[in-house]
file protein27.txt (compact mmCIF, C-alpha atoms and all ligand atoms)
# COMPACT_ATOMS: atom_id res chain seq x y z
CA MET A 1 0.00 0.00 0.00
CA LYS A 2 1.18 3.54 -0.73
CA ILE A 3 0.63 5.87 2.21
CA ALA A 4 1.01 9.68 2.24
CA PHE A 5 2.12 10.96 5.64
CA PHE A 6 1.32 14.58 6.51
CA SER A 7 2.91 16.81 9.21
CA THR A 8 5.89 14.49 9.59
CA GLN A 9 8.90 15.21 11.74
CA PRO A 10 12.27 13.40 11.68
CA TYR A 11 11.21 11.22 14.62
CA ASP A 12 8.01 10.09 12.83
CA ARG A 13 10.07 8.96 9.83
CA GLN A 14 12.56 7.16 12.08
CA TYR A 15 9.91 5.09 13.86
CA PHE A 16 7.70 4.39 10.83
CA ASP A 17 10.70 3.37 8.70
CA LYS A 18 11.89 1.07 11.48
CA TYR A 19 8.62 -0.87 11.66
CA ASN A 20 7.66 -0.74 7.96
CA GLN A 21 7.77 -4.12 6.23
CA ASN A 22 6.28 -3.80 2.80
CA HIS A 23 4.55 -0.47 2.32
CA GLN A 24 5.56 2.58 0.31
CA LEU A 25 5.71 5.52 2.68
CA VAL A 26 5.74 9.07 1.31
CA TYR A 27 6.51 11.74 3.87
CA PHE A 28 5.41 15.38 3.72
CA ASP A 29 6.41 18.09 6.20
CA VAL A 30 3.29 20.11 5.46
CA SER A 31 0.04 19.61 7.30
CA LEU A 32 -3.08 18.33 5.60
CA GLN A 33 -5.38 21.18 4.60
CA PRO A 34 -7.65 21.82 1.63
CA ASP A 35 -4.74 23.17 -0.42
CA THR A 36 -2.31 20.35 0.40
CA ALA A 37 -4.71 17.39 0.03
CA GLU A 38 -3.63 16.99 -3.62
CA LEU A 39 -0.26 15.68 -2.36
CA ALA A 40 -2.06 12.42 -1.54
CA SER A 41 -2.61 11.81 -5.26
CA GLY A 42 -1.57 8.27 -6.20
CA SER A 43 -1.69 7.02 -2.60
CA ASP A 44 -4.11 4.45 -1.20
CA ALA A 45 -4.14 5.82 2.33
CA ILE A 46 -3.09 8.89 4.27
CA CYS A 47 -1.61 9.15 7.75
CA VAL A 48 -2.23 12.30 9.80
CA PHE A 49 -1.56 13.76 13.26
CA VAL A 50 -3.39 15.99 15.74
CA ASN A 51 -3.32 19.29 13.85
CA ASP A 52 -4.07 18.04 10.35
CA GLN A 53 -7.49 19.28 9.24
CA VAL A 54 -9.65 16.51 7.90
CA ASN A 55 -12.81 18.55 7.44
CA ALA A 56 -15.55 17.89 4.88
CA THR A 57 -13.72 19.83 2.13
CA VAL A 58 -10.57 17.77 2.63
CA VAL A 59 -12.57 14.53 2.80
CA HIS A 60 -14.22 15.29 -0.56
CA LYS A 61 -10.80 15.95 -2.11
CA LEU A 62 -9.44 12.69 -0.65
CA GLU A 63 -12.47 10.82 -1.96
CA ARG A 64 -11.83 12.18 -5.48
CA LEU A 65 -8.18 11.03 -5.19
CA GLY A 66 -9.37 7.51 -4.36
CA ILE A 67 -8.15 7.46 -0.75
CA LYS A 68 -9.77 4.55 1.07
CA LEU A 69 -8.12 4.63 4.46
CA LEU A 70 -7.40 7.46 6.91
CA LEU A 71 -4.82 6.54 9.53
CA LEU A 72 -4.65 8.73 12.61
CA ARG A 73 -1.31 8.37 14.38
CA CYS A 74 -2.92 9.69 17.57
CA ALA A 75 -5.84 8.90 19.88
CA GLY A 76 -7.99 12.05 19.57
CA PHE A 77 -10.06 12.46 16.39
CA ASN A 78 -11.66 15.89 16.99
CA ASN A 79 -9.88 17.14 13.83
CA VAL A 80 -11.69 14.66 11.56
CA ASP A 81 -15.20 14.99 10.13
CA ILE A 82 -16.05 11.35 10.74
CA ALA A 83 -19.54 11.61 9.23
CA ALA A 84 -18.07 13.02 6.01
CA ALA A 85 -15.39 10.30 5.93
CA ASN A 86 -18.00 7.56 6.45
CA ALA A 87 -20.21 9.04 3.73
CA ALA A 88 -17.20 9.07 1.38
CA GLY A 89 -16.49 5.41 2.14
CA ILE A 90 -13.17 6.28 3.77
CA LYS A 91 -12.42 4.15 6.82
CA THR A 92 -10.76 5.94 9.73
CA ALA A 93 -8.52 4.07 12.17
CA ARG A 94 -6.66 5.53 15.13
CA VAL A 95 -4.18 4.55 17.83
CA PRO A 96 -6.52 4.60 20.83
CA GLU A 97 -3.78 4.15 23.38
CA TYR A 98 -0.06 4.51 22.90
CA SER A 99 1.16 5.36 26.33
CA PRO A 100 -1.21 6.77 28.91
CA TYR A 101 1.84 6.75 31.22
CA ALA A 102 3.70 9.17 28.94
CA VAL A 103 0.91 11.75 29.08
CA ALA A 104 0.21 11.24 32.79
CA GLU A 105 3.90 11.53 33.67
CA HIS A 106 4.29 14.70 31.60
CA THR A 107 1.30 16.15 33.44
CA VAL A 108 3.10 15.45 36.71
CA ALA A 109 6.27 17.02 35.28
CA LEU A 110 4.34 20.20 34.44
CA ILE A 111 2.84 20.38 37.92
CA LEU A 112 6.18 19.84 39.67
CA THR A 113 8.01 22.30 37.44
CA LEU A 114 5.40 25.01 37.75
CA ASN A 115 5.01 24.54 41.49
CA ARG A 116 8.69 24.21 42.47
CA LYS A 117 9.97 26.45 39.65
CA THR A 118 12.85 24.17 38.72
CA HIS A 119 12.95 25.71 35.22
CA LYS A 120 13.74 29.08 36.79
CA ALA A 121 16.10 27.64 39.41
CA TYR A 122 18.10 25.88 36.68
CA ASN A 123 18.76 29.13 34.83
CA ARG A 124 19.35 31.09 38.01
CA VAL A 125 21.98 28.73 39.38
CA ARG A 126 23.77 28.54 36.02
CA ASP A 127 23.92 32.32 36.14
CA GLY A 128 25.52 32.30 39.59
CA ASN A 129 22.28 33.49 41.25
CA PHE A 130 21.70 31.32 44.31
CA SER A 131 18.81 33.32 45.75
CA LEU A 132 15.54 31.55 46.61
CA VAL A 133 13.40 34.69 46.39
CA ASN A 134 10.25 34.05 44.28
CA LEU A 135 10.89 30.30 44.09
CA LEU A 136 8.40 29.41 46.86
CA GLY A 137 6.16 26.41 46.10
CA PHE A 138 3.62 24.35 48.03
CA ASP A 139 3.50 20.73 49.25
CA LEU A 140 1.52 18.46 46.93
CA HIS A 141 0.92 16.19 49.91
CA GLY A 142 -2.58 16.77 51.26
CA LYS A 143 -3.76 18.82 48.27
CA THR A 144 -6.97 18.07 46.36
CA VAL A 145 -6.55 17.26 42.67
CA GLY A 146 -9.54 17.36 40.31
CA VAL A 147 -9.29 14.96 37.38
CA VAL A 148 -11.74 15.66 34.53
CA GLY A 149 -12.01 12.52 32.39
CA MET A 150 -11.13 9.26 34.14
CA GLY A 151 -10.19 7.26 31.06
CA LYS A 152 -6.80 5.67 30.48
CA ILE A 153 -4.73 8.84 31.00
CA GLY A 154 -6.90 10.26 33.80
CA GLN A 155 -6.61 7.01 35.76
CA CYS A 156 -2.80 6.85 35.38
CA PHE A 157 -2.52 10.49 36.40
CA ALA A 158 -4.79 9.97 39.44
CA LYS A 159 -2.63 7.03 40.55
CA ASN A 160 0.51 9.14 40.21
CA MET A 161 -0.97 11.95 42.29
CA LEU A 162 -2.21 9.49 44.96
CA GLY A 163 1.48 8.58 45.29
CA PHE A 164 2.20 12.15 46.38
CA GLY A 165 -0.45 11.90 49.12
CA CYS A 166 -3.06 13.95 47.23
CA ARG A 167 -6.83 13.50 47.48
CA ILE A 168 -8.53 12.96 44.11
CA LEU A 169 -11.90 14.34 43.04
CA ALA A 170 -12.79 12.68 39.75
CA PHE A 171 -15.40 13.50 37.15
CA ASP A 172 -16.45 11.44 34.15
CA LEU A 173 -19.69 11.00 32.24
CA ILE A 174 -20.21 7.75 34.13
CA ALA A 175 -18.67 7.36 37.58
CA ASN A 176 -16.68 4.18 38.12
CA PRO A 177 -17.16 3.09 41.76
CA GLU A 178 -14.51 0.38 41.33
CA LEU A 179 -11.86 3.11 41.17
CA GLU A 180 -13.03 4.78 44.37
CA ASN A 181 -11.15 4.50 47.64
CA ALA A 182 -10.59 6.61 50.75
CA ASP A 183 -8.64 9.16 48.70
CA LEU A 184 -10.45 9.02 45.34
CA LYS A 185 -14.10 10.00 44.94
CA PHE A 186 -16.26 10.63 41.87
CA VAL A 187 -18.10 13.94 42.26
CA PRO A 188 -20.18 16.23 40.03
CA LEU A 189 -18.12 18.63 37.90
CA ASP A 190 -19.15 21.75 39.82
CA GLU A 191 -18.01 20.13 43.08
CA LEU A 192 -14.68 19.20 41.48
CA PHE A 193 -14.20 22.76 40.22
CA SER A 194 -14.99 24.41 43.55
CA ASN A 195 -12.95 22.07 45.78
CA SER A 196 -9.75 21.34 43.85
CA ASP A 197 -6.36 22.96 44.37
CA ILE A 198 -5.20 21.54 41.04
CA ILE A 199 -7.52 20.79 38.10
CA SER A 200 -6.23 18.56 35.30
CA LEU A 201 -8.12 17.96 32.04
CA HIS A 202 -8.10 14.46 30.49
CA CYS A 203 -11.38 14.28 28.59
CA PRO A 204 -11.72 14.37 24.80
CA LEU A 205 -12.58 17.57 22.97
CA ASN A 206 -16.12 17.58 21.62
CA GLU A 207 -19.13 19.91 21.52
CA LYS A 208 -19.86 19.25 25.19
CA THR A 209 -16.33 19.77 26.46
CA LYS A 210 -15.33 22.77 24.33
CA HIS A 211 -14.46 25.67 26.67
CA LEU A 212 -15.20 23.57 29.75
CA VAL A 213 -12.89 26.00 31.53
CA ASN A 214 -14.55 29.36 30.85
CA LYS A 215 -15.34 32.66 32.55
CA GLU A 216 -18.21 31.15 34.56
CA SER A 217 -16.50 27.93 35.63
CA ILE A 218 -13.32 29.81 36.62
CA LYS A 219 -15.42 31.94 39.00
CA THR A 220 -16.42 28.76 40.87
CA MET A 221 -12.81 27.62 41.33
CA LYS A 222 -10.66 28.25 44.41
CA THR A 223 -8.59 31.41 44.32
CA GLY A 224 -5.04 30.38 43.44
CA VAL A 225 -6.12 27.21 41.62
CA MET A 226 -3.60 25.51 39.35
CA ILE A 227 -5.11 24.46 35.99
CA VAL A 228 -3.33 21.89 33.84
CA ASN A 229 -4.36 21.01 30.31
CA THR A 230 -2.73 18.10 28.49
CA GLY A 231 -6.01 17.15 26.77
CA ARG A 232 -6.86 19.46 23.86
CA GLY A 233 -6.43 23.23 23.60
CA ALA A 234 -10.07 24.14 23.11
CA LEU A 235 -11.09 22.55 26.43
CA ILE A 236 -10.04 25.97 27.74
CA ASP A 237 -11.33 29.39 26.71
CA THR A 238 -7.96 31.12 26.40
CA SER A 239 -9.34 34.67 26.82
CA ALA A 240 -11.05 33.62 30.06
CA VAL A 241 -7.88 32.10 31.57
CA ILE A 242 -5.89 35.19 30.63
CA GLU A 243 -8.42 37.28 32.58
CA GLY A 244 -8.28 34.75 35.45
CA LEU A 245 -4.48 35.02 35.55
CA LYS A 246 -4.57 38.83 35.41
CA SER A 247 -6.98 39.01 38.35
CA GLY A 248 -4.94 36.46 40.33
CA HIS A 249 -7.88 34.06 40.60
CA ILE A 250 -5.87 31.45 38.70
CA GLY A 251 -2.62 30.89 40.58
CA ASN A 252 -0.84 28.72 38.01
CA LEU A 253 -1.50 27.48 34.51
CA ALA A 254 0.27 24.65 32.69
CA LEU A 255 -0.53 23.87 29.07
CA ASP A 256 0.71 21.16 26.75
CA VAL A 257 -2.04 21.99 24.27
CA TYR A 258 -3.33 25.33 23.03
CA GLU A 259 -6.45 26.33 21.14
CA GLN A 260 -4.52 27.88 18.22
CA GLU A 261 -1.62 25.41 18.33
CA ASP A 262 -2.01 24.29 14.71
CA LYS A 263 -0.33 27.51 13.58
CA LEU A 264 2.55 27.20 16.05
CA PHE A 265 3.38 23.82 17.50
CA PHE A 266 5.84 21.31 16.03
CA ARG A 267 7.72 24.11 14.21
CA ASP A 268 10.82 26.17 15.01
CA LEU A 269 9.54 29.76 14.91
CA SER A 270 12.37 31.17 17.00
CA ALA A 271 13.47 33.52 14.21
CA ASP A 272 9.92 34.56 13.25
CA ILE A 273 7.54 37.23 14.46
CA ILE A 274 4.73 35.38 16.22
CA SER A 275 1.42 37.00 15.38
CA ASP A 276 -0.65 35.07 17.94
CA ASP A 277 -1.10 37.67 20.69
CA GLN A 278 -2.80 35.27 23.08
CA ILE A 279 0.10 32.85 23.35
CA MET A 280 2.51 35.78 23.70
CA ARG A 281 0.35 37.14 26.54
CA LEU A 282 0.26 33.72 28.19
CA MET A 283 4.04 33.41 27.94
CA SER A 284 4.44 36.79 29.64
CA PHE A 285 3.01 35.47 32.94
CA PRO A 286 5.59 34.16 35.42
CA ASN A 287 3.10 31.52 36.60
CA VAL A 288 2.36 29.97 33.20
CA LEU A 289 4.27 27.01 31.79
CA ILE A 290 3.75 25.87 28.21
CA THR A 291 5.10 22.84 26.39
CA ALA A 292 4.32 22.26 22.72
CA HIS A 293 2.16 19.11 22.68
CA GLN A 294 4.97 16.87 23.88
CA ALA A 295 3.15 14.90 26.59
CA PHE A 296 2.98 11.80 24.35
CA PHE A 297 6.62 12.08 23.31
CA THR A 298 8.39 8.98 24.63
CA ASP A 299 10.18 6.12 22.91
CA GLU A 300 7.49 3.70 24.07
CA ALA A 301 4.69 5.85 22.67
CA LEU A 302 6.33 6.39 19.26
CA THR A 303 7.01 2.65 19.02
CA LYS A 304 3.38 1.81 19.77
CA ILE A 305 2.07 4.49 17.37
CA ALA A 306 4.06 2.98 14.48
CA GLN A 307 3.22 -0.62 15.39
CA VAL A 308 -0.52 -0.03 15.83
CA THR A 309 -0.70 2.04 12.62
CA PHE A 310 0.85 -0.82 10.63
CA GLN A 311 -1.50 -3.26 12.37
CA ASN A 312 -4.42 -1.00 11.35
CA ILE A 313 -3.27 -1.25 7.72
CA ALA A 314 -2.99 -5.05 7.95
CA ASP A 315 -6.44 -5.28 9.57
CA TYR A 316 -7.93 -3.00 6.90
CA GLU A 317 -6.43 -5.13 4.12
CA ALA A 318 -7.80 -8.27 5.80
CA GLY A 319 -11.23 -6.62 6.22
CA ARG A 320 -11.13 -6.92 9.99
CA LEU A 321 -10.60 -3.41 11.38
CA GLY A 322 -11.88 -3.71 14.95
CA PRO A 323 -11.74 -1.51 18.03
CA THR A 324 -9.38 1.04 16.43
CA LEU A 325 -11.97 1.92 13.77
CA VAL A 326 -13.56 5.34 14.37
CA GLN A 327 -17.22 5.51 13.35
P1 LIG A 401 -9.98 7.75 27.03
O1 LIG A 401 -10.99 7.59 25.95
O2 LIG A 401 -9.38 6.53 27.64
O3 LIG A 401 -10.60 8.62 28.23
C1 LIG A 401 -11.36 9.76 28.05
C2 LIG A 401 -12.36 9.82 29.21
O4 LIG A 401 -13.03 11.07 29.14
C3 LIG A 401 -13.42 8.72 29.14
O5 LIG A 401 -13.48 8.04 30.38
C4 LIG A 401 -14.69 9.47 28.82
O6 LIG A 401 -15.85 8.88 29.40
C5 LIG A 401 -14.39 10.82 29.46
N1 LIG A 401 -15.25 11.88 28.98
C6 LIG A 401 -15.86 12.03 27.77
N2 LIG A 401 -16.61 13.13 27.76
C7 LIG A 401 -16.46 13.72 28.97
C8 LIG A 401 -17.00 14.88 29.56
N3 LIG A 401 -17.87 15.65 28.90
N4 LIG A 401 -16.63 15.18 30.81
C9 LIG A 401 -15.77 14.37 31.50
N5 LIG A 401 -15.26 13.24 31.00
C10 LIG A 401 -15.60 12.93 29.75
O7 LIG A 401 -8.86 8.71 26.44
P2 LIG A 401 -7.38 8.93 26.98
O8 LIG A 401 -6.46 8.01 26.28
O9 LIG A 401 -7.38 8.95 28.46
O10 LIG A 401 -7.07 10.40 26.40
C11 LIG A 401 -7.78 11.53 26.87
C12 LIG A 401 -7.48 12.72 25.97
O11 LIG A 401 -6.12 13.10 26.11
C13 LIG A 401 -7.63 12.42 24.45
O12 LIG A 401 -8.97 12.61 24.02
C14 LIG A 401 -6.71 13.43 23.84
O13 LIG A 401 -7.44 14.59 23.51
C15 LIG A 401 -5.70 13.76 24.94
N6 LIG A 401 -4.35 13.31 24.61
C16 LIG A 401 -3.32 14.22 24.67
C17 LIG A 401 -2.03 13.83 24.35
C18 LIG A 401 -0.87 14.80 24.43
O14 LIG A 401 0.22 14.49 23.94
N7 LIG A 401 -1.02 15.97 25.03
C19 LIG A 401 -1.73 12.47 23.93
C20 LIG A 401 -2.86 11.57 23.97
C21 LIG A 401 -4.12 11.99 24.28
call {"tool": "encode", "arguments": {"input": "protein27.txt", "output": "structure tokens"}}
result
Amino acid sequence: MKIAFFSTQPYDRQYFDKYNQNHQLVYFDVSLQPDTAELASGSDAICVFVNDQVNATVVHKLERLGIKLLLLRCAGFNNVDIAAANAAGIKTARVPEYSPYAVAEHTVALILTLNRKTHKAYNRVRDGNFSLVNLLGFDLHGKTVGVVGMGKIGQCFAKNMLGFGCRILAFDLIANPELENADLKFVPLDELFSNSDIISLHCPLNEKTKHLVNKESIKTMKTGVMIVNTGRGALIDTSAVIEGLKSGHIGNLALDVYEQEDKLFFRDLSADIISDDQIMRLMSFPNVLITAHQAFFTDEALTKIAQVTFQNIADYEAGRLGPTLVQ
């Protein structure tokens, strides 16, 4: 099978080439958009990542090019118009789980860095500045952590935080009593928002979860709350968190995802003028930490992404795409 890969980075090529057995892989740096879809001409399938746009316009172009299979090398599929793909007879398969540990551990890394300011301490000490002024953090032990979305990543993250001696307030569409214990309780979302010292988002992005963190919900949170988003950028209304940070209501904000990330992330823009004023404003706060969608980025995760994607191709060819099929 000939597969056109969009938005590829050197590490994608390394892992896909390593596990490829008999397919023709064509790599493009550019993302999939209406004006780049033509690059898939002559391919049987395409492989895309989180910021490729597979909207109805793109789907119609892919249909005309004869694309039969859409391979997502990620878990989330909020960037794909699944109804349009189904109508066009294009099957969509994803990698539902590559390493929940990778994302959960990065979430912990963000919390520890932001709280104990090790990123600032590192630079300070290298500069011969051994002062502790403005490096004050808080104990995680005894704090209440709200976990929104108790799927694979949310559960791993909750376990990690229980290890620090935190209390977990969890919210999911359906509570799972089997996960409850003395330190982990399922509660309604408003209760989670109003009682958590740290709120971490691990639910998918959809119409119901878009801007879950907004002007109104921020008002119900504790003053000084730490908000962490490693889910999807649009779970948060960026303008509202900027206001929350300016007023001091939000004490700390850590982001691995950002609403407008498709124009920024996975590129070196260090010599460019960045026109996105919101991210520049966010980066100006001393209590905001941003990483560029790297929570998944471990050797284990990249290995699994390549292996499951090739398995998806084999299953498609054998007419037995199963749980990885998105419908
Ligand atoms: P999952 O499907 O195992 O868990 C998602 C959970 O969210 C489910 O339990 C589901 O019931 C729950 N949920 C759905 N709607 C909800 C709502 N309205 N409110 C609260 N909970 C809701 O998915 P997994 O693997 O845990 O991933 C979660 C999300 O993390 C993905 O959808 C993706 O957007 C994001 N992600 C981010 C990565 C990164 O590198 N930053 C990497 C991988 C995933």
call {"tool": "residues_near_ligand", "arguments": {"input": "protein27.txt", "ligand": "ligand LIG 401 (chain A)", "cutoff": "9 Å", "atoms": "all atoms listed in the file", "output": "short mmCIF file (atom, residue, chain, number, x, y, z; two decimals) with C-alpha atoms, in the frame of the given file"}}
result
data_model
loop_
_atom_site.label_atom_id
_atom_site.label_comp_id
_atom_site.auth_asym_id
_atom_site.auth_seq_id
_atom_site.Cartn_x
_atom_site.Cartn_y
_atom_site.Cartn_z
CA VAL A 50 -3.39 15.99 15.74
CA CYS A 74 -2.92 9.69 17.57
CA ALA A 75 -5.84 8.90 19.88
CA GLY A 76 -7.99 12.05 19.57
CA PHE A 77 -10.06 12.46 16.39
CA ASN A 78 -11.66 15.89 16.99
CA PRO A 96 -6.52 4.60 20.83
CA GLU A 97 -3.78 4.15 23.38
CA TYR A 98 -0.06 4.51 22.90
CA SER A 99 1.16 5.36 26.33
CA PRO A 100 -1.21 6.77 28.91
CA ALA A 102 3.70 9.17 28.94
CA VAL A 103 0.91 11.75 29.08
CA HIS A 106 4.29 14.70 31.60
CA THR A 107 1.30 16.15 33.44
CA VAL A 147 -9.29 14.96 37.38
CA VAL A 148 -11.74 15.66 34.53
CA GLY A 149 -12.01 12.52 32.39
CA MET A 150 -11.13 9.26 34.14
CA GLY A 151 -10.19 7.26 31.06
CA LYS A 152 -6.80 5.67 30.48
CA ILE A 153 -4.73 8.84 31.00
CA GLY A 154 -6.90 10.26 33.80
CA GLN A 155 -6.61 7.01 35.76
CA CYS A 156 -2.80 6.85 35.38
CA ALA A 170 -12.79 12.68 39.75
CA PHE A 171 -15.40 13.50 37.15
CA ASP A 172 -16.45 11.44 34.15
CA LEU A 173 -19.69 11.00 32.24
CA ILE A 174 -20.21 7.75 34.13
CA ALA A 175 -18.67 7.36 37.58
CA LEU A 189 -18.12 18.63 37.90
CA LEU A 201 -8.12 17.96 32.04
CA HIS A 202 -8.10 14.46 30.49
CA CYS A 203 -11.38 14.28 28.59
CA PRO A 204 -11.72 14.37 24.80
CA LEU A 205 -12.58 17.57 22.97
CA ASN A 206 -16.12 17.58 21.62
CA GLU A 207 -19.13 19.91 21.52
CA LYS A 208 -19.86 19.25 25.19
CA THR A 209 -16.33 19.77 26.46
CA LYS A 210 -15.33 22.77 24.33
CA LEU A 212 -15.20 23.57 29.75
CA ASN A 229 -4.36 21.01 30.31
CA THR A 230 -2.73 18.10 28.49
CA GLY A 231 -6.01 17.15 26.77
CA ARG A 232 -6.86 19.46 23.86
CA GLY A 233 -6.43 23.23 23.60
CA LEU A 255 -0.53 23.87 29.07
CA ASP A 256 0.71 21.16 26.75
CA VAL A 257 -2.04 21.99 24.27
CA ALA A 292 4.32 22.26 22.72
CA HIS A 293 2.16 19.11 22.68
CA GLN A 294 4.97 16.87 23.88
CA ALA A 295 3.15 14.90 26.59
CA PHE A 296 2.98 11.80 24.35
CA PHE A 297 6.62 12.08 23.31
#
call {"tool": "closest_residue", "arguments": {"input": "protein27.txt", "among": "A:Lys120, A:Asn79, A:Phe138, A:Arg267", "to": "Thr8 (chain A)", "atoms": "only C-alpha atoms"}}
result
A:Arg267
call {"tool": "residues_around", "arguments": {"input": "protein27.txt", "residues": "Leu25 (chain A)", "least_positions_apart": "4", "cutoff": "9 Å", "atoms": "all atoms listed in the file", "output": "list in words"}}
result
Met1, Lys2, Ile3, Ala4, Phe5, Phe16, Asp17 and Asn20 of chain A
call {"tool": "atom_distance", "arguments": {"input": "protein27.txt", "atom1": "CA of Val288 (chain A)", "atom2": "CA of Leu253 (chain A)"}}
result
4.8 Å
call {"tool": "closest_residue", "arguments": {"input": "protein27.txt", "among": "A:Tyr19, A:Thr118, A:Asp35, A:Leu70", "to": "Thr324 (chain A)", "atoms": "only C-alpha atoms"}}
result
A:Leu70
call {"tool": "residues_near_point", "arguments": {"input": "protein27.txt", "point": "(2.8, 20.2, 47.3)", "cutoff": "12 Å", "atoms": "only C-alpha atoms", "output": "list of chain:residue names"}}
result
A:Val108, A:Ile111, A:Leu112, A:Thr113, A:Leu114, A:Asn115, A:Arg116, A:Leu136, A:Gly137, A:Phe138, A:Asp139, A:Leu140, A:His141, A:Gly142, A:Lys143, A:Thr144, A:Val145, A:Met161, A:Gly163, A:Phe164, A:Gly165, A:Cys166, A:Arg167, A:Asp197, A:Ile198, A:Met226
call {"tool": "closest_residue", "arguments": {"input": "protein27.txt", "among": "A:Ile46, A:Leu110, A:Leu169, A:Val95", "to": "Leu302 (chain A)", "atoms": "all atoms listed in the file"}}
result
A:Val95
call {"tool": "atom_distance", "arguments": {"input": "protein27.txt", "atom1": "CA of His249 (chain A)", "atom2": "CA of Gln278 (chain A)"}}
result
18.3 Å
call {"tool": "axis_aligned_box", "arguments": {"input": "protein27.txt", "around": "region 216-219 of chain A", "padding_each_side": "5 Å", "output": "AutoDock Vina command-line options"}}
result
--center_x -15.8 --center_y 29.9 --center_z 36.8 --size_x 14.9 --size_y 14.0 --size_z 14.4
call {"tool": "closest_residue", "arguments": {"input": "protein27.txt", "among": "A:Gly248, A:Gly42, A:Gly128, A:Gly319", "to": "Leu65 (chain A)", "atoms": "only C-alpha atoms"}}
result
A:Gly42
call {"tool": "closest_residue", "arguments": {"input": "protein27.txt", "among": "A:Leu192, A:Val326, A:Ala158, A:Ala88", "to": "Asn312 (chain A)", "atoms": "all atoms listed in the file"}}
result
A:Val326
call {"tool": "atom_distance", "arguments": {"input": "protein27.txt", "atom1": "CA of Lys215 (chain A)", "atom2": "CA of Leu282 (chain A)"}}
result
16.2 Å
call {"tool": "closest_residue", "arguments": {"input": "protein27.txt", "among": "A:Asp127, A:Asp12, A:Asp52, A:Asp44", "to": "Leu69 (chain A)", "atoms": "all atoms listed in the file"}}
result
A:Asp44
call {"tool": "residues_near_point", "arguments": {"input": "protein27.txt", "point": "(-7.0, 11.9, -2.3)", "cutoff": "9 Å", "atoms": "only C-alpha atoms", "output": "PyMOL selection string"}}
result
chain A and resi 37-46+58-68
call {"tool": "residues_around", "arguments": {"input": "protein27.txt", "residues": "Glu259 (chain A)", "least_positions_apart": "4", "cutoff": "10 Å", "atoms": "only C-alpha atoms", "output": "list in words"}}
result
His211, Arg232, Gly233, Ala234, Leu235, Ile236, Asp237, Thr238, Lys263, Gln278 and Ile279 of chain A
call {"tool": "decode", "arguments": {"input": "protein27.txt", "residues": "region 122-132 of chain A", "atoms": "N, CA, C and O atoms", "output": "PDB file, in the first residue's frame"}}
result
ATOM      1  N   TYR A 122      17.030  26.387  37.559  1.00  0.00           N
ATOM      2  CA  TYR A 122      18.099  25.881  36.680  1.00  0.00           C
ATOM      3  C   TYR A 122      18.858  27.052  36.046  1.00  0.00           C
ATOM      4  O   TYR A 122      20.095  27.109  36.103  1.00  0.00           O
ATOM      5  N   ASN A 123      18.114  27.987  35.473  1.00  0.00           N
ATOM      6  CA  ASN A 123      18.756  29.132  34.826  1.00  0.00           C
ATOM      7  C   ASN A 123      19.445  30.033  35.832  1.00  0.00           C
ATOM      8  O   ASN A 123      20.533  30.541  35.589  1.00  0.00           O
ATOM      9  N   ARG A 124      18.783  30.223  36.983  1.00  0.00           N
ATOM     10  CA  ARG A 124      19.346  31.090  38.015  1.00  0.00           C
ATOM     11  C   ARG A 124      20.710  30.593  38.474  1.00  0.00           C
ATOM     12  O   ARG A 124      21.682  31.341  38.530  1.00  0.00           O
ATOM     13  N   VAL A 125      20.748  29.298  38.818  1.00  0.00           N
ATOM     14  CA  VAL A 125      21.976  28.733  39.377  1.00  0.00           C
ATOM     15  C   VAL A 125      23.095  28.762  38.332  1.00  0.00           C
ATOM     16  O   VAL A 125      24.247  29.066  38.630  1.00  0.00           O
ATOM     17  N   ARG A 126      22.761  28.481  37.095  1.00  0.00           N
ATOM     18  CA  ARG A 126      23.772  28.540  36.019  1.00  0.00           C
ATOM     19  C   ARG A 126      24.339  29.950  35.846  1.00  0.00           C
ATOM     20  O   ARG A 126      25.438  30.138  35.365  1.00  0.00           O
ATOM     21  N   ASP A 127      23.512  30.919  36.284  1.00  0.00           N
ATOM     22  CA  ASP A 127      23.920  32.316  36.142  1.00  0.00           C
ATOM     23  C   ASP A 127      24.595  32.831  37.420  1.00  0.00           C
ATOM     24  O   ASP A 127      24.826  34.028  37.571  1.00  0.00           O
ATOM     25  N   GLY A 128      24.869  31.903  38.347  1.00  0.00           N
ATOM     26  CA  GLY A 128      25.517  32.299  39.594  1.00  0.00           C
ATOM     27  C   GLY A 128      24.575  32.996  40.561  1.00  0.00           C
ATOM     28  O   GLY A 128      25.004  33.636  41.525  1.00  0.00           O
ATOM     29  N   ASN A 129      23.261  32.870  40.344  1.00  0.00           N
ATOM     30  CA  ASN A 129      22.284  33.490  41.249  1.00  0.00           C
ATOM     31  C   ASN A 129      21.712  32.386  42.136  1.00  0.00           C
ATOM     32  O   ASN A 129      20.912  31.561  41.679  1.00  0.00           O
ATOM     33  N   PHE A 130      22.125  32.387  43.407  1.00  0.00           N
ATOM     34  CA  PHE A 130      21.704  31.315  44.313  1.00  0.00           C
ATOM     35  C   PHE A 130      20.582  31.747  45.249  1.00  0.00           C
ATOM     36  O   PHE A 130      20.313  31.101  46.251  1.00  0.00           O
ATOM     37  N   SER A 131      19.906  32.830  44.916  1.00  0.00           N
ATOM     38  CA  SER A 131      18.807  33.321  45.749  1.00  0.00           C
ATOM     39  C   SER A 131      17.571  32.436  45.586  1.00  0.00           C
ATOM     40  O   SER A 131      17.330  31.872  44.519  1.00  0.00           O
ATOM     41  N   LEU A 132      16.795  32.326  46.662  1.00  0.00           N
ATOM     42  CA  LEU A 132      15.542  31.550  46.608  1.00  0.00           C
ATOM     43  C   LEU A 132      14.310  32.455  46.474  1.00  0.00           C
ATOM     44  O   LEU A 132      13.181  31.953  46.396  1.00  0.00           O
TER      45      LEU A 132
END
